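**Student:** There's a structure below that I have some questions on.
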Amino acid sequence: MTRRFALVIEPAASDDPRSDFAGTFREIDPAAPALSVGEFSTQRGDGIFESIGVVDGHPQETQAHLDRLAHSAGICDLPAPHLEQWRQAVRVAASHCPPEGEGVIKLILSRGVEHGPAPTAWVTAAGAPDNAAVRQHGVRVVTLDRGYGIDTPARAPWLLLGAKTLSYAVNMAAIREAKRRGADDAIFVSSDGFVLEAPTASLILRIGDRYVTPAPNGGILHGTTQLSLFEHLAAGGAATAYETIPVAALAEADAAWLVSSVRLAAPLTAIDDAELSVDVEATASFNRYLLSPRD
Ligand code: PLP
């Protein structure tokens, strides 16, 4: 899919009783200028977003993404999104995706325009990059200090940790630093030595026959992909757990993955130069599941 699609939404109040929100959507030319120069999303990165994977025209885990959009809005003191309105916008965007192949639908809710209407909201749809190689061959990661302790989110909620905000410059800088160190990606760790998440993905470790992921109360984004995969694994009888994981536990992992909505499951081949073997069968099974239609 190469064509892009974009829709501006006139955000409805969360208690708006309408059942049909088509009148609040305006399709725009995705290549044409659309945002005001006073936009807080561009001036301050002040807003939130979601990236929904699309497989063969089907938006994956829409409800989980809408729930997280509402969660992020709450953390950021943004008006609560009307979830039915956003669900309908996702449906419209998905109808512009081709019936075959992978895509991505982005939902953006910005604080709006200085002295102007607020908030601003829009939805885009576009083709996804080809992630087949990374899903099969995996990524090397290095651990990077995120600079705060595991208890910082509770002490300093104004840092907005755990919200999916538009301020991703730090996450992108971490990936550049990982590349400078000869890796492909990073795993953030807290300054007091606990494992957190990757800049754009959640981390899952397999230790023996248990699947473990960092508990989301450590100021990380609770990933929809990790959540879905854990439900799938538990339904198949596997043991899954959310834990506060010390960095030393990385060395005990028998296998590990970065998981996210568009790249899906990328196996780790090395953490800080310690080689890790790829669980080929589990990786293929994870990606088969993640590529199946999921609501
Ligand atoms: N953690 C961070 C910081 C992310 O940016 C992302 C996705 O972009 C994730 C985790 C994984 O979330 P999801 O599985 O919902 O895509």
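Residue numbering restarts at 1 in every chain; chains get A, B, ... in the order shown in the structure tokens, and ligands count up from 1 in that same order.
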Residues near region 266-271 of chain A, anyone? I mean within 10 Å using only C-alpha atoms, not counting same-chain ones fewer than 5 positions away, as number ranges by chain.

**Tutor:** A: 131-143, 183-187, 201, 203-205, 250-251, 255-260, 276-280, 282-284, 286-287

**Student:** Output as an MDAnalysis selection string all residues of region 68-197 of chain A that backbone DSSP marks as alpha helix (DSSP H).

**Tutor:** chainID A and resid 68:75 83:95 132:137 152:155 169:180

**Student:** Could you turn the residues from that selection into a file that holds N, CA and C atoms, as a CSV table (one decimal), in the first residue's frame?

**Tutor:**
chain,number,residue,atom,x,y,z
A,68,ARG,N,-6.3,2.6,25.2
A,68,ARG,CA,-5.0,3.2,25.6
A,68,ARG,C,-5.0,4.7,25.2
A,69,LEU,N,-5.7,5.1,24.1
A,69,LEU,CA,-5.8,6.5,23.8
A,69,LEU,C,-6.5,7.2,24.9
A,70,ALA,N,-7.6,6.6,25.5
A,70,ALA,CA,-8.3,7.2,26.6
A,70,ALA,C,-7.4,7.3,27.8
A,71,HIS,N,-6.6,6.3,28.0
A,71,HIS,CA,-5.7,6.3,29.2
A,71,HIS,C,-4.7,7.4,29.0
A,72,SER,N,-4.1,7.5,27.9
A,72,SER,CA,-3.1,8.6,27.6
A,72,SER,C,-3.7,9.9,27.8
A,73,ALA,N,-4.9,10.1,27.3
A,73,ALA,CA,-5.6,11.4,27.4
A,73,ALA,C,-5.8,11.8,28.9
A,74,GLY,N,-6.2,10.8,29.7
A,74,GLY,CA,-6.3,11.0,31.1
A,74,GLY,C,-5.0,11.5,31.8
A,75,ILE,N,-3.9,10.8,31.4
A,75,ILE,CA,-2.6,11.2,32.0
A,75,ILE,C,-2.2,12.6,31.6
A,83,LEU,N,-15.0,7.4,22.3
A,83,LEU,CA,-14.4,6.2,21.7
A,83,LEU,C,-15.2,5.7,20.5
A,84,GLU,N,-16.6,5.9,20.5
A,84,GLU,CA,-17.3,5.4,19.3
A,84,GLU,C,-17.0,6.3,18.1
A,85,GLN,N,-16.8,7.6,18.3
A,85,GLN,CA,-16.4,8.4,17.2
A,85,GLN,C,-15.1,7.9,16.6
A,86,TRP,N,-14.1,7.6,17.5
A,86,TRP,CA,-12.8,7.2,17.0
A,86,TRP,C,-12.9,5.8,16.3
A,87,ARG,N,-13.8,5.0,16.9
A,87,ARG,CA,-13.9,3.6,16.3
A,87,ARG,C,-14.4,3.8,14.9
A,88,GLN,N,-15.4,4.7,14.7
A,88,GLN,CA,-15.9,4.9,13.3
A,88,GLN,C,-14.9,5.5,12.4
A,89,ALA,N,-14.0,6.4,12.9
A,89,ALA,CA,-12.9,6.9,12.1
A,89,ALA,C,-11.9,5.8,11.7
A,90,VAL,N,-11.7,4.9,12.6
A,90,VAL,CA,-10.7,3.8,12.3
A,90,VAL,C,-11.4,2.9,11.2
A,91,ARG,N,-12.7,2.7,11.3
A,91,ARG,CA,-13.4,1.9,10.3
A,91,ARG,C,-13.3,2.6,8.9
A,92,VAL,N,-13.5,3.9,8.9
A,92,VAL,CA,-13.4,4.6,7.6
A,92,VAL,C,-11.9,4.5,7.0
A,93,ALA,N,-10.9,4.7,7.9
A,93,ALA,CA,-9.5,4.6,7.5
A,93,ALA,C,-9.2,3.2,6.9
A,94,ALA,N,-9.7,2.2,7.6
A,94,ALA,CA,-9.5,0.8,7.2
A,94,ALA,C,-10.1,0.5,5.9
A,95,SER,N,-11.2,1.2,5.6
A,95,SER,CA,-11.9,0.9,4.3
A,95,SER,C,-11.1,1.5,3.2
A,132,ALA,N,9.4,-8.3,7.2
A,132,ALA,CA,9.5,-9.8,7.1
A,132,ALA,C,10.9,-10.2,7.6
A,133,ALA,N,12.0,-9.5,7.2
A,133,ALA,CA,13.3,-9.9,7.5
A,133,ALA,C,13.6,-9.8,9.0
A,134,VAL,N,13.2,-8.7,9.6
A,134,VAL,CA,13.4,-8.4,11.0
A,134,VAL,C,12.6,-9.4,11.9
A,135,ARG,N,11.5,-9.8,11.4
A,135,ARG,CA,10.7,-10.8,12.1
A,135,ARG,C,11.4,-12.2,12.1
A,136,GLN,N,12.1,-12.5,11.0
A,136,GLN,CA,12.7,-13.8,10.9
A,136,GLN,C,14.2,-13.7,11.5
A,137,HIS,N,14.9,-12.7,11.2
A,137,HIS,CA,16.3,-12.7,11.6
A,137,HIS,C,16.6,-12.0,12.9
A,152,THR,N,10.0,6.5,39.9
A,152,THR,CA,9.9,7.9,39.4
A,152,THR,C,8.4,8.2,38.9
A,153,PRO,N,7.8,7.3,38.1
A,153,PRO,CA,6.5,7.6,37.6
A,153,PRO,C,5.5,7.9,38.7
A,154,ALA,N,5.6,7.2,39.8
A,154,ALA,CA,4.6,7.4,40.9
A,154,ALA,C,4.9,8.8,41.6
A,155,ARG,N,6.2,9.1,41.7
A,155,ARG,CA,6.6,10.4,42.4
A,155,ARG,C,6.5,11.6,41.5
A,169,ALA,N,11.1,12.3,20.5
A,169,ALA,CA,12.4,12.6,20.1
A,169,ALA,C,13.4,11.9,20.9
A,170,VAL,N,13.2,11.7,22.2
A,170,VAL,CA,14.1,10.9,23.1
A,170,VAL,C,14.2,9.5,22.6
A,171,ASN,N,13.0,8.9,22.3
A,171,ASN,CA,13.0,7.5,21.9
A,171,ASN,C,13.8,7.3,20.6
A,172,MET,N,13.7,8.3,19.7
A,172,MET,CA,14.4,8.2,18.4
A,172,MET,C,15.9,8.4,18.6
A,173,ALA,N,16.3,9.3,19.6
A,173,ALA,CA,17.7,9.5,19.9
A,173,ALA,C,18.3,8.2,20.5
A,174,ALA,N,17.5,7.5,21.3
A,174,ALA,CA,18.0,6.2,21.9
A,174,ALA,C,18.3,5.2,20.8
A,175,ILE,N,17.4,5.1,19.8
A,175,ILE,CA,17.7,4.2,18.7
A,175,ILE,C,19.0,4.6,17.9
A,176,ARG,N,19.1,5.9,17.7
A,176,ARG,CA,20.4,6.4,17.0
A,176,ARG,C,21.6,6.0,17.9
A,177,GLU,N,21.5,6.2,19.2
A,177,GLU,CA,22.6,5.8,20.1
A,177,GLU,C,22.9,4.3,20.0
A,178,ALA,N,21.8,3.5,19.9
A,178,ALA,CA,22.0,2.0,19.8
A,178,ALA,C,22.8,1.7,18.5
A,179,LYS,N,22.4,2.4,17.5
A,179,LYS,CA,23.1,2.2,16.2
A,179,LYS,C,24.5,2.6,16.2
A,180,ARG,N,24.8,3.7,16.9
A,180,ARG,CA,26.2,4.1,17.1
A,180,ARG,C,27.0,3.1,17.8

**Student:** As a ChimeraX atom specification, list the residues of region 36-207 of chain A assigned to strand (DSSP E or B) by DSSP on the backbone atoms of this structure.

**Tutor:** /A:39,47-55,58-59,102-110,113,120-127,139-145,165,185-189,194-195,198,201-207

**Student:** Step by step, measure atom-to-atom distances between ligand 1 and each residue using only C-alpha atoms and all ligand atoms, keep those at most 6 Å, then write them as a PyMOL selection string.

**Tutor:** chain A and resi 197-202+221+223-226+259-261

**Student:** Residues near Asp130 (chain A), anyone? I mean within 10 Å using only C-alpha atoms, not counting same-chain ones fewer than 4 positions away, as a list in words.

**Tutor:**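 With the cut-off at 10 Å, the set is Gly101, Glu102, Gly103, Val134, Arg135, Val262 and Arg263 of chain A.
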